[in-house]
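What follows is data_2.cif (mmCIF, C-alpha atoms, pLDDT in the B column; chains and numbers go by the auth columns).
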data_start
loop_
_atom_site.group_PDB
_atom_site.id
_atom_site.type_symbol
_atom_site.label_atom_id
_atom_site.label_comp_id
_atom_site.label_asym_id
_atom_site.label_seq_id
_atom_site.Cartn_x
_atom_site.Cartn_y
_atom_site.Cartn_z
_atom_site.B_iso_or_equiv
_atom_site.auth_seq_id
_atom_site.auth_asym_id
ATOM 1 C CA ALA A 1 157.235 44.387 151.721 95.00 1 A
ATOM 2 C CA ILE A 2 153.911 42.977 152.885 97.00 2 A
ATOM 3 C CA PHE A 3 151.008 44.921 151.332 97.00 3 A
ATOM 4 C CA LEU A 4 147.993 44.844 153.675 98.00 4 A
ATOM 5 C CA ILE A 5 144.558 45.355 152.145 98.00 5 A
ATOM 6 C CA HIS A 6 141.733 46.044 154.570 98.00 6 A
ATOM 7 C CA PRO A 7 138.128 44.854 154.124 98.00 7 A
ATOM 8 C CA LEU A 8 135.078 46.890 153.163 97.00 8 A
ATOM 9 C CA GLY A 9 134.087 49.376 155.858 96.00 9 A
ATOM 10 C CA SER A 10 137.482 49.412 157.534 97.00 10 A
ATOM 11 C CA ASP A 11 140.729 51.365 157.180 98.00 11 A
ATOM 12 C CA LEU A 12 144.474 50.912 157.635 98.00 12 A
ATOM 13 C CA THR A 13 144.166 50.617 161.427 97.00 13 A
ATOM 14 C CA PHE A 14 142.587 47.191 160.820 98.00 14 A
ATOM 15 C CA TRP A 15 146.148 45.811 160.659 98.00 15 A
ATOM 16 C CA ASN A 16 147.689 47.550 163.693 97.00 16 A
ATOM 17 C CA ASP A 17 147.704 44.512 165.988 96.00 17 A
ATOM 18 C CA CYS A 18 149.077 42.220 163.267 97.00 18 A
ATOM 19 C CA ILE A 19 151.910 44.640 162.558 97.00 19 A
ATOM 20 C CA ALA A 20 152.699 44.804 166.287 96.00 20 A
ATOM 21 C CA CYS A 21 152.818 40.990 166.445 95.00 21 A
ATOM 22 C CA TRP A 22 155.172 40.705 163.470 95.00 22 A
ATOM 23 C CA GLY A 23 157.641 43.197 164.910 92.00 23 A
ATOM 24 C CA PRO A 24 160.060 45.714 163.386 92.00 24 A
ATOM 25 C CA ASP A 25 161.960 43.235 161.194 93.00 25 A
ATOM 26 C CA VAL A 26 158.980 42.768 158.844 94.00 26 A
ATOM 27 C CA SER A 27 158.440 45.500 156.264 95.00 27 A
ATOM 28 C CA THR A 28 154.730 46.272 155.999 96.00 28 A
ATOM 29 C CA LEU A 29 152.578 48.762 154.143 96.00 29 A
ATOM 30 C CA ALA A 30 148.973 49.407 155.140 97.00 30 A
ATOM 31 C CA CYS A 31 146.982 52.138 153.441 97.00 31 A
ATOM 32 C CA ASP A 32 143.465 53.528 153.409 98.00 32 A
ATOM 33 C CA LEU A 33 141.876 52.413 150.153 98.00 33 A
ATOM 34 C CA ARG A 34 140.050 54.972 148.054 97.00 34 A
ATOM 35 C CA SER A 35 136.861 56.131 149.863 97.00 35 A
ATOM 36 C CA ALA A 36 138.114 54.721 153.178 97.00 36 A
ATOM 37 C CA GLY A 37 139.835 56.310 156.164 96.00 37 A
ATOM 38 C CA ARG A 38 141.700 59.466 155.232 96.00 38 A
ATOM 39 C CA SER A 39 141.993 58.696 151.525 96.00 39 A
ATOM 40 C CA PRO A 40 139.910 60.745 149.074 94.00 40 A
ATOM 41 C CA ALA A 41 136.221 59.915 148.846 94.00 41 A
ATOM 42 C CA SER A 42 135.047 58.973 145.370 93.00 42 A
ATOM 43 C CA LEU A 43 131.907 60.464 143.843 91.00 43 A
ATOM 44 C CA ALA A 44 131.285 57.220 141.941 95.00 44 A
ATOM 45 C CA PRO A 45 131.371 53.498 142.789 97.00 45 A
ATOM 46 C CA VAL A 46 134.927 52.272 143.463 96.00 46 A
ATOM 47 C CA THR A 47 135.759 49.026 141.666 97.00 47 A
ATOM 48 C CA ILE A 48 138.297 46.321 142.472 98.00 48 A
ATOM 49 C CA ALA A 49 140.269 47.384 139.389 98.00 49 A
ATOM 50 C CA GLN A 50 140.490 50.971 140.673 97.00 50 A
ATOM 51 C CA HIS A 51 141.787 49.794 144.035 98.00 51 A
ATOM 52 C CA VAL A 52 144.448 47.738 142.253 98.00 52 A
ATOM 53 C CA ALA A 53 145.494 50.721 140.124 98.00 53 A
ATOM 54 C CA ASP A 54 145.805 52.838 143.266 97.00 54 A
ATOM 55 C CA LEU A 55 147.925 50.200 145.015 97.00 55 A
ATOM 56 C CA GLU A 56 150.215 49.859 142.019 98.00 56 A
ATOM 57 C CA ALA A 57 150.642 53.635 141.856 97.00 57 A
ATOM 58 C CA LEU A 58 151.499 53.635 145.561 97.00 58 A
ATOM 59 C CA ARG A 59 154.047 50.841 145.111 97.00 59 A
ATOM 60 C CA HIS A 60 155.730 52.828 142.330 96.00 60 A
ATOM 61 C CA ALA A 61 155.659 56.073 144.309 97.00 61 A
ATOM 62 C CA LEU A 62 157.378 54.430 147.293 97.00 62 A
ATOM 63 C CA GLY A 63 159.914 52.569 145.177 97.00 63 A
ATOM 64 C CA ILE A 64 158.938 49.154 146.514 96.00 64 A
ATOM 65 C CA GLY A 65 159.959 46.115 144.465 95.00 65 A
ATOM 66 C CA SER A 66 158.517 42.672 145.106 95.00 66 A
ATOM 67 C CA ILE A 67 155.624 42.290 147.525 97.00 67 A
ATOM 68 C CA VAL A 68 153.541 39.792 149.452 98.00 68 A
ATOM 69 C CA LEU A 69 149.836 40.653 149.412 98.00 69 A
ATOM 70 C CA VAL A 70 147.554 40.021 152.389 98.00 70 A
ATOM 71 C CA GLY A 71 143.855 40.788 151.966 98.00 71 A
ATOM 72 C CA CYS A 72 140.792 40.133 154.115 98.00 72 A
ATOM 73 C CA ALA A 73 137.218 39.580 152.858 97.00 73 A
ATOM 74 C CA ILE A 74 136.525 42.018 149.987 96.00 74 A
ATOM 75 C CA GLY A 75 140.140 43.108 150.434 98.00 75 A
ATOM 76 C CA ALA A 76 141.108 39.570 149.439 98.00 76 A
ATOM 77 C CA MET A 77 139.359 40.119 146.096 98.00 77 A
ATOM 78 C CA THR A 78 141.516 43.199 145.543 98.00 78 A
ATOM 79 C CA ALA A 79 144.644 41.238 146.510 98.00 79 A
ATOM 80 C CA THR A 80 143.645 38.489 144.065 98.00 80 A
ATOM 81 C CA HIS A 81 143.175 40.873 141.153 98.00 81 A
ATOM 82 C CA TYR A 82 146.465 42.599 141.941 98.00 82 A
ATOM 83 C CA ALA A 83 148.352 39.288 142.035 98.00 83 A
ATOM 84 C CA ALA A 84 146.805 38.183 138.746 98.00 84 A
ATOM 85 C CA THR A 85 147.518 41.433 136.913 98.00 85 A
ATOM 86 C CA HIS A 86 150.934 42.161 138.471 98.00 86 A
ATOM 87 C CA ALA A 87 152.409 38.686 138.751 97.00 87 A
ATOM 88 C CA ASP A 88 155.927 39.985 138.080 97.00 88 A
ATOM 89 C CA VAL A 89 156.099 41.771 141.449 98.00 89 A
ATOM 90 C CA THR A 90 153.891 39.481 143.548 98.00 90 A
ATOM 91 C CA GLN A 91 155.957 36.912 145.467 98.00 91 A
ATOM 92 C CA ALA A 92 153.121 35.397 147.487 98.00 92 A
ATOM 93 C CA LEU A 93 149.492 35.858 148.439 98.00 93 A
ATOM 94 C CA VAL A 94 147.481 35.435 151.648 98.00 94 A
ATOM 95 C CA LEU A 95 143.685 35.466 151.309 98.00 95 A
ATOM 96 C CA VAL A 96 141.647 35.633 154.531 98.00 96 A
ATOM 97 C CA SER A 97 137.904 34.889 154.263 98.00 97 A
ATOM 98 C CA PRO A 98 137.987 35.256 150.475 98.00 98 A
ATOM 99 C CA THR A 99 135.258 34.682 147.904 98.00 99 A
ATOM 100 C CA PRO A 100 135.450 34.142 144.132 98.00 100 A
ATOM 101 C CA LYS A 101 132.707 36.706 143.530 97.00 101 A
ATOM 102 C CA THR A 102 129.943 38.719 145.124 95.00 102 A
ATOM 103 C CA THR A 103 127.069 36.246 145.196 91.00 103 A
ATOM 104 C CA PRO A 104 123.524 37.379 144.269 92.00 104 A
ATOM 105 C CA VAL A 105 122.419 37.009 147.898 91.00 105 A
ATOM 106 C CA ALA A 106 125.351 39.076 149.154 92.00 106 A
ATOM 107 C CA ALA A 107 124.835 41.669 146.411 95.00 107 A
ATOM 108 C CA LYS A 108 121.200 42.113 147.428 96.00 108 A
ATOM 109 C CA MET A 109 122.131 42.462 151.096 94.00 109 A
ATOM 110 C CA LEU A 110 124.884 44.973 150.315 96.00 110 A
ATOM 111 C CA ALA A 111 122.731 46.977 147.910 97.00 111 A
ATOM 112 C CA ASP A 112 120.021 47.248 150.550 97.00 112 A
ATOM 113 C CA ARG A 113 122.627 48.311 153.098 97.00 113 A
ATOM 114 C CA ALA A 114 123.994 50.973 150.762 97.00 114 A
ATOM 115 C CA GLU A 115 120.510 52.349 150.138 97.00 115 A
ATOM 116 C CA LEU A 116 119.743 52.477 153.855 98.00 116 A
ATOM 117 C CA VAL A 117 123.024 54.263 154.636 98.00 117 A
ATOM 118 C CA SER A 118 122.446 56.664 151.734 97.00 118 A
ATOM 119 C CA GLN A 119 119.056 57.610 153.155 97.00 119 A
ATOM 120 C CA SER A 120 119.689 57.478 156.899 97.00 120 A
ATOM 121 C CA GLY A 121 123.438 57.449 157.608 97.00 121 A
ATOM 122 C CA MET A 122 125.805 54.962 159.237 97.00 122 A
ATOM 123 C CA ALA A 123 123.786 54.678 162.449 97.00 123 A
ATOM 124 C CA SER A 124 120.944 53.040 160.522 97.00 124 A
ATOM 125 C CA ILE A 125 122.896 49.773 160.101 97.00 125 A
ATOM 126 C CA LEU A 126 124.345 49.614 163.609 97.00 126 A
ATOM 127 C CA PRO A 127 124.994 47.483 165.566 97.00 127 A
ATOM 128 C CA ASP A 128 123.819 44.682 163.257 96.00 128 A
ATOM 129 C CA ALA A 129 126.441 45.243 160.523 95.00 129 A
ATOM 130 C CA ILE A 130 129.272 44.959 163.031 96.00 130 A
ATOM 131 C CA ASP A 131 127.780 42.250 165.225 97.00 131 A
ATOM 132 C CA LYS A 132 127.538 39.879 162.237 95.00 132 A
ATOM 133 C CA ALA A 133 131.262 40.345 161.625 97.00 133 A
ATOM 134 C CA PHE A 134 132.014 39.658 165.315 98.00 134 A
ATOM 135 C CA GLU A 135 129.992 36.450 165.672 97.00 135 A
ATOM 136 C CA GLN A 136 131.094 34.494 168.780 97.00 136 A
ATOM 137 C CA GLN A 137 133.814 37.080 169.537 97.00 137 A
ATOM 138 C CA VAL A 138 134.402 38.918 172.796 93.00 138 A
ATOM 139 C CA LYS A 139 132.991 42.432 172.520 93.00 139 A
ATOM 140 C CA GLY A 140 135.896 44.074 174.280 96.00 140 A
ATOM 141 C CA ALA A 141 138.290 46.866 173.366 96.00 141 A
ATOM 142 C CA THR A 142 138.908 45.609 169.807 97.00 142 A
ATOM 143 C CA TYR A 143 135.178 45.519 169.103 97.00 143 A
ATOM 144 C CA GLN A 144 134.676 48.991 170.572 97.00 144 A
ATOM 145 C CA ARG A 145 137.518 50.533 168.575 96.00 145 A
ATOM 146 C CA TYR A 146 136.230 49.031 165.351 97.00 146 A
ATOM 147 C CA TYR A 147 132.665 50.104 166.139 97.00 147 A
ATOM 148 C CA GLU A 148 133.700 53.710 166.747 97.00 148 A
ATOM 149 C CA ARG A 149 135.741 53.997 163.538 96.00 149 A
ATOM 150 C CA PHE A 150 133.050 52.286 161.466 97.00 150 A
ATOM 151 C CA ALA A 151 130.319 54.552 162.812 97.00 151 A
ATOM 152 C CA ALA A 152 132.379 57.704 162.231 96.00 152 A
ATOM 153 C CA GLN A 153 133.265 57.064 158.591 96.00 153 A
ATOM 154 C CA ASN A 154 131.940 59.104 155.662 96.00 154 A
ATOM 155 C CA ALA A 155 128.557 57.561 154.798 97.00 155 A
ATOM 156 C CA ASP A 156 128.657 58.612 151.136 96.00 156 A
ATOM 157 C CA ALA A 157 132.146 57.165 150.699 97.00 157 A
ATOM 158 C CA TYR A 158 131.045 53.891 152.293 97.00 158 A
ATOM 159 C CA VAL A 159 128.080 53.711 149.914 97.00 159 A
ATOM 160 C CA GLN A 160 130.350 54.159 146.875 97.00 160 A
ATOM 161 C CA SER A 161 132.679 51.454 148.202 97.00 161 A
ATOM 162 C CA ILE A 162 129.738 49.054 148.421 97.00 162 A
ATOM 163 C CA ARG A 163 128.312 49.897 145.012 97.00 163 A
ATOM 164 C CA GLY A 164 131.672 49.301 143.361 97.00 164 A
ATOM 165 C CA ILE A 165 131.811 45.640 144.380 97.00 165 A
ATOM 166 C CA LEU A 166 128.213 44.496 143.871 97.00 166 A
ATOM 167 C CA ASN A 167 129.156 42.688 140.652 95.00 167 A
ATOM 168 C CA ALA A 168 132.764 41.855 141.535 97.00 168 A
ATOM 169 C CA ASP A 169 134.087 38.543 140.199 98.00 169 A
ATOM 170 C CA VAL A 170 137.722 37.391 140.485 98.00 170 A
ATOM 171 C CA THR A 171 137.155 33.781 139.442 98.00 171 A
ATOM 172 C CA ALA A 172 139.350 34.071 136.340 98.00 172 A
ATOM 173 C CA ASP A 173 142.042 35.823 138.377 98.00 173 A
ATOM 174 C CA LEU A 174 142.118 33.009 140.935 98.00 174 A
ATOM 175 C CA GLN A 175 142.554 30.417 138.213 97.00 175 A
ATOM 176 C CA SER A 176 145.524 32.304 136.744 97.00 176 A
ATOM 177 C CA ILE A 177 147.530 32.822 139.944 97.00 177 A
ATOM 178 C CA GLN A 178 150.910 31.079 140.004 94.00 178 A
ATOM 179 C CA CYS A 179 152.547 32.400 143.184 97.00 179 A
ATOM 180 C CA PRO A 180 152.473 30.521 146.519 97.00 180 A
ATOM 181 C CA THR A 181 149.105 31.234 148.130 98.00 181 A
ATOM 182 C CA LEU A 182 147.680 30.665 151.600 98.00 182 A
ATOM 183 C CA VAL A 183 143.882 30.630 151.901 98.00 183 A
ATOM 184 C CA LEU A 184 142.416 31.053 155.392 98.00 184 A
ATOM 185 C CA GLY A 185 138.783 30.551 156.310 98.00 185 A
ATOM 186 C CA ALA A 186 137.234 31.562 159.632 98.00 186 A
ATOM 187 C CA GLY A 187 135.092 29.163 161.639 98.00 187 A
ATOM 188 C CA HIS A 188 132.524 31.743 162.771 98.00 188 A
ATOM 189 C CA ASP A 189 132.363 33.802 159.566 97.00 189 A
ATOM 190 C CA LEU A 190 128.671 34.353 158.790 95.00 190 A
ATOM 191 C CA LEU A 191 129.273 36.680 155.852 95.00 191 A
ATOM 192 C CA LEU A 192 131.902 34.729 153.862 96.00 192 A
ATOM 193 C CA PRO A 193 131.850 31.250 155.438 96.00 193 A
ATOM 194 C CA PRO A 194 134.692 28.702 155.144 97.00 194 A
ATOM 195 C CA ALA A 195 132.977 26.922 152.243 97.00 195 A
ATOM 196 C CA LEU A 196 133.768 29.951 150.067 97.00 196 A
ATOM 197 C CA SER A 197 137.403 29.913 151.219 98.00 197 A
ATOM 198 C CA LEU A 198 137.563 26.254 150.217 98.00 198 A
ATOM 199 C CA GLN A 199 136.213 27.133 146.758 98.00 199 A
ATOM 200 C CA VAL A 200 138.984 29.716 146.412 98.00 200 A
ATOM 201 C CA HIS A 201 141.615 27.192 147.496 98.00 201 A
ATOM 202 C CA GLU A 202 140.400 24.729 144.861 98.00 202 A
ATOM 203 C CA MET A 203 140.679 27.391 142.163 98.00 203 A
ATOM 204 C CA VAL A 204 144.273 28.408 142.987 98.00 204 A
ATOM 205 C CA LYS A 205 146.771 25.840 141.750 93.00 205 A
ATOM 206 C CA ASN A 206 149.609 26.486 144.173 85.00 206 A
ATOM 207 C CA SER A 207 147.679 27.075 147.400 97.00 207 A
ATOM 208 C CA GLU A 208 147.439 25.817 150.954 98.00 208 A
ATOM 209 C CA PHE A 209 144.231 25.919 153.000 98.00 209 A
ATOM 210 C CA ASP A 210 143.493 26.225 156.695 98.00 210 A
ATOM 211 C CA ILE A 211 140.666 27.376 158.958 98.00 211 A
ATOM 212 C CA MET A 212 141.032 29.689 161.948 97.00 212 A
ATOM 213 C CA THR A 213 138.318 27.927 163.912 97.00 213 A
ATOM 214 C CA GLU A 214 137.801 30.577 166.605 97.00 214 A
ATOM 215 C CA ALA A 215 137.799 33.608 164.291 97.00 215 A
ATOM 216 C CA ALA A 216 134.889 35.396 162.615 98.00 216 A
ATOM 217 C CA HIS A 217 134.720 37.657 159.555 97.00 217 A
ATOM 218 C CA PHE A 218 137.691 39.821 160.608 98.00 218 A
ATOM 219 C CA ALA A 219 140.243 37.189 161.632 97.00 219 A
ATOM 220 C CA PRO A 220 143.340 39.464 161.416 97.00 220 A
ATOM 221 C CA LEU A 221 141.658 41.981 163.693 97.00 221 A
ATOM 222 C CA GLN A 222 140.095 39.477 166.084 97.00 222 A
ATOM 223 C CA HIS A 223 142.997 36.996 166.307 97.00 223 A
ATOM 224 C CA PRO A 224 146.160 38.801 165.147 95.00 224 A
#

Using C-alpha cells, write down the structure from this file.
Amino acid sequence: AIFLIHPLGSDLTFWNDCIACWGPDVSTLACDLRSAGRSPASLAPVTIAQHVADLEALRHALGIGSIVLVGCAIGAMTATHYAATHADVTQALVLVSPTPKTTPVAAKMLADRAELVSQSGMASILPDAIDKAFEQQVKGATYQRYYERFAAQNADAYVQSIRGILNADVTADLQSIQCPTLVLGAGHDLLLPPALSLQVHEMVKNSEFDIMTEAAHFAPLQHP
C-alpha cells in the first residue's frame, strides 16, 4: 500500500485528487495525523517520532505488509523517519518539498505563528499562511477548499503540531535510508525551496531528484 503523509496544517483530504488520479488499482492509505483532522488532539507538542509510532500502529492494526511512503513538506520528515526506523517494511520513499531539519529561521517563524494562533486563533494568520504556500498558483476551487479546512481546524491542536517540530532533524535518518527514493522539489516553494530538496537528495544514497517547476509548497494538492 502507499502510505500518504500530509503536511503540517492539513489533513487526509490533502491527497484526494492524487488518489483519484491513480485510480482504483492502487492501494492507498491516507490518515489524519495526531492533532490534525478528526484524529485526537494532543495536549502536548507532537513530535515526528510520535507520528511514526502512530503510523506503525495503524499499519499493524490494518494488517498491511510492505509499504511505499509518500510525504509532503513536514510530512516528508515523518516519512523519512519511518523509512529509517522501519526499513524492513518500507519498499520505497517519495519525499515532496523535504528538508533535512527545521532551520533556525523556519523555527523562529513557526514559533511566532504558534504563539499568535495560541493568543488570537487561526484567523490571525490568514490569509498570509496559506498564500505563501500557494505562491504563483491559481486561487480557484482547490485553494478555497484548503483555505476553509485550514481556517476551521482546532487552533490548540495546530499549535501543538507546530511546537512538536521546531527542533526536528532527520539528517541521520536520510543518510541511513537504503530503499529507492524519489525527491521532488517545487519551483515556486517559498517555505522549503528546491535547494533544500537537493540537499536531501545528496544525503540519500539511492535517490533520484526532480523539480516540479510550476508547483508551490503543496505540489500534490496543486498539481496532482

For Leu198 (chain A), please output as a PyMOL selection string all residues within 8 Å (counting only C-alpha atoms; exclusion window: fewer than 2 positions along the same chain).
chain A and resi 183+185+194-196+200-202+209

Once the PyMOL selection byres ((chain A and resi 153) around 12) has been evaluated on this model, what residues remain selected, and can you format them as a VMD selection string?
chain A and resid 8 to 11 32 35 to 39 41 117 121 to 123 146 to 152 154 to 159 161

List the spatial neighbours of Gly71 (chain A) as an NGL selection string - criterion: any atom at most 6 Å away, all atoms listed in the file, same-chain residues fewer than 4 positions off excluded.
:A and (5 or 75-76 or 79 or 95)

Go through the shown structure with the PyMOL selection byres ((chain A and resi 61-66) around 7) and write out the matching residues as an NGL selection string.
:A and (1 or 57-60 or 67 or 89-91)

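As for CA of Val70 (chain A) and CA of Gln144 (chain A), they are spaced 24.0 Å apart.
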
Name the residues captured by the PyMOL selection byres ((chain A and resi 97) around 9) when it is applied to the shown file; answer as a list in words.
Gly71, Cys72, Ala73, Ile74, Ala76, Leu95, Val96, Pro98, Thr99, Val183, Leu184, Gly185, Ala186, Asp189, Leu191, Leu192, Pro193, Pro194, Leu196, Ser197, Ala216, His217, Phe218 and Ala219 of chain A

Write region 8-35 of chain A as a short mmCIF file (atom, residue, chain, number, x, y, z; two decimals), keeping the file's coordinate frame, completed to N, CA and C atoms.
data_model
loop_
_atom_site.label_atom_id
_atom_site.label_comp_id
_atom_site.auth_asym_id
_atom_site.auth_seq_id
_atom_site.Cartn_x
_atom_site.Cartn_y
_atom_site.Cartn_z
N LEU A 8 136.10 45.86 153.33
CA LEU A 8 135.08 46.89 153.16
C LEU A 8 134.64 47.43 154.52
N GLY A 9 134.55 48.75 154.63
CA GLY A 9 134.09 49.38 155.86
C GLY A 9 135.16 49.61 156.89
N SER A 10 136.39 49.25 156.58
CA SER A 10 137.48 49.41 157.53
C SER A 10 138.50 50.43 157.00
N ASP A 11 139.66 50.48 157.63
CA ASP A 11 140.73 51.36 157.18
C ASP A 11 142.07 50.74 157.57
N LEU A 12 143.14 51.48 157.41
CA LEU A 12 144.47 50.91 157.64
C LEU A 12 144.71 50.46 159.07
N THR A 13 143.98 51.01 160.03
CA THR A 13 144.17 50.62 161.43
C THR A 13 143.71 49.17 161.68
N PHE A 14 143.00 48.59 160.74
CA PHE A 14 142.59 47.19 160.82
C PHE A 14 143.78 46.28 161.09
N TRP A 15 144.97 46.66 160.60
CA TRP A 15 146.15 45.81 160.66
C TRP A 15 147.09 46.13 161.82
N ASN A 16 146.75 47.09 162.66
CA ASN A 16 147.69 47.55 163.69
C ASN A 16 148.19 46.43 164.59
N ASP A 17 147.29 45.57 165.06
CA ASP A 17 147.70 44.51 165.99
C ASP A 17 148.54 43.45 165.29
N CYS A 18 148.24 43.16 164.02
CA CYS A 18 149.08 42.22 163.27
C CYS A 18 150.49 42.76 163.12
N ILE A 19 150.59 44.02 162.76
CA ILE A 19 151.91 44.64 162.56
C ILE A 19 152.71 44.60 163.87
N ALA A 20 152.03 44.85 164.98
CA ALA A 20 152.70 44.80 166.29
C ALA A 20 153.20 43.39 166.59
N CYS A 21 152.41 42.38 166.22
CA CYS A 21 152.82 40.99 166.44
C CYS A 21 154.03 40.61 165.60
N TRP A 22 154.08 41.08 164.37
CA TRP A 22 155.17 40.70 163.47
C TRP A 22 156.49 41.37 163.86
N GLY A 23 156.43 42.54 164.45
CA GLY A 23 157.64 43.20 164.91
C GLY A 23 158.33 44.04 163.85
N PRO A 24 159.41 44.72 164.25
CA PRO A 24 160.06 45.71 163.39
C PRO A 24 160.88 45.13 162.23
N ASP A 25 161.14 43.83 162.25
CA ASP A 25 161.96 43.24 161.19
C ASP A 25 161.16 42.88 159.94
N VAL A 26 159.84 43.06 160.00
CA VAL A 26 158.98 42.77 158.84
C VAL A 26 158.53 44.09 158.23
N SER A 27 158.84 44.27 156.96
CA SER A 27 158.44 45.50 156.26
C SER A 27 156.98 45.39 155.84
N THR A 28 156.16 46.31 156.32
CA THR A 28 154.73 46.27 156.00
C THR A 28 154.27 47.61 155.44
N LEU A 29 153.22 47.55 154.64
CA LEU A 29 152.58 48.76 154.14
C LEU A 29 151.07 48.58 154.22
N ALA A 30 150.43 49.36 155.07
CA ALA A 30 148.97 49.41 155.14
C ALA A 30 148.53 50.80 154.68
N CYS A 31 147.48 50.84 153.91
CA CYS A 31 146.98 52.14 153.44
C CYS A 31 145.46 52.16 153.52
N ASP A 32 144.90 53.36 153.56
CA ASP A 32 143.46 53.53 153.41
C ASP A 32 143.13 53.44 151.93
N LEU A 33 142.31 52.49 151.54
CA LEU A 33 141.88 52.41 150.15
C LEU A 33 141.05 53.64 149.79
N ARG A 34 140.88 53.86 148.51
CA ARG A 34 140.05 54.97 148.05
C ARG A 34 138.66 54.89 148.71
N SER A 35 138.15 56.02 149.18
CA SER A 35 136.86 56.13 149.86
C SER A 35 136.85 55.45 151.23
#
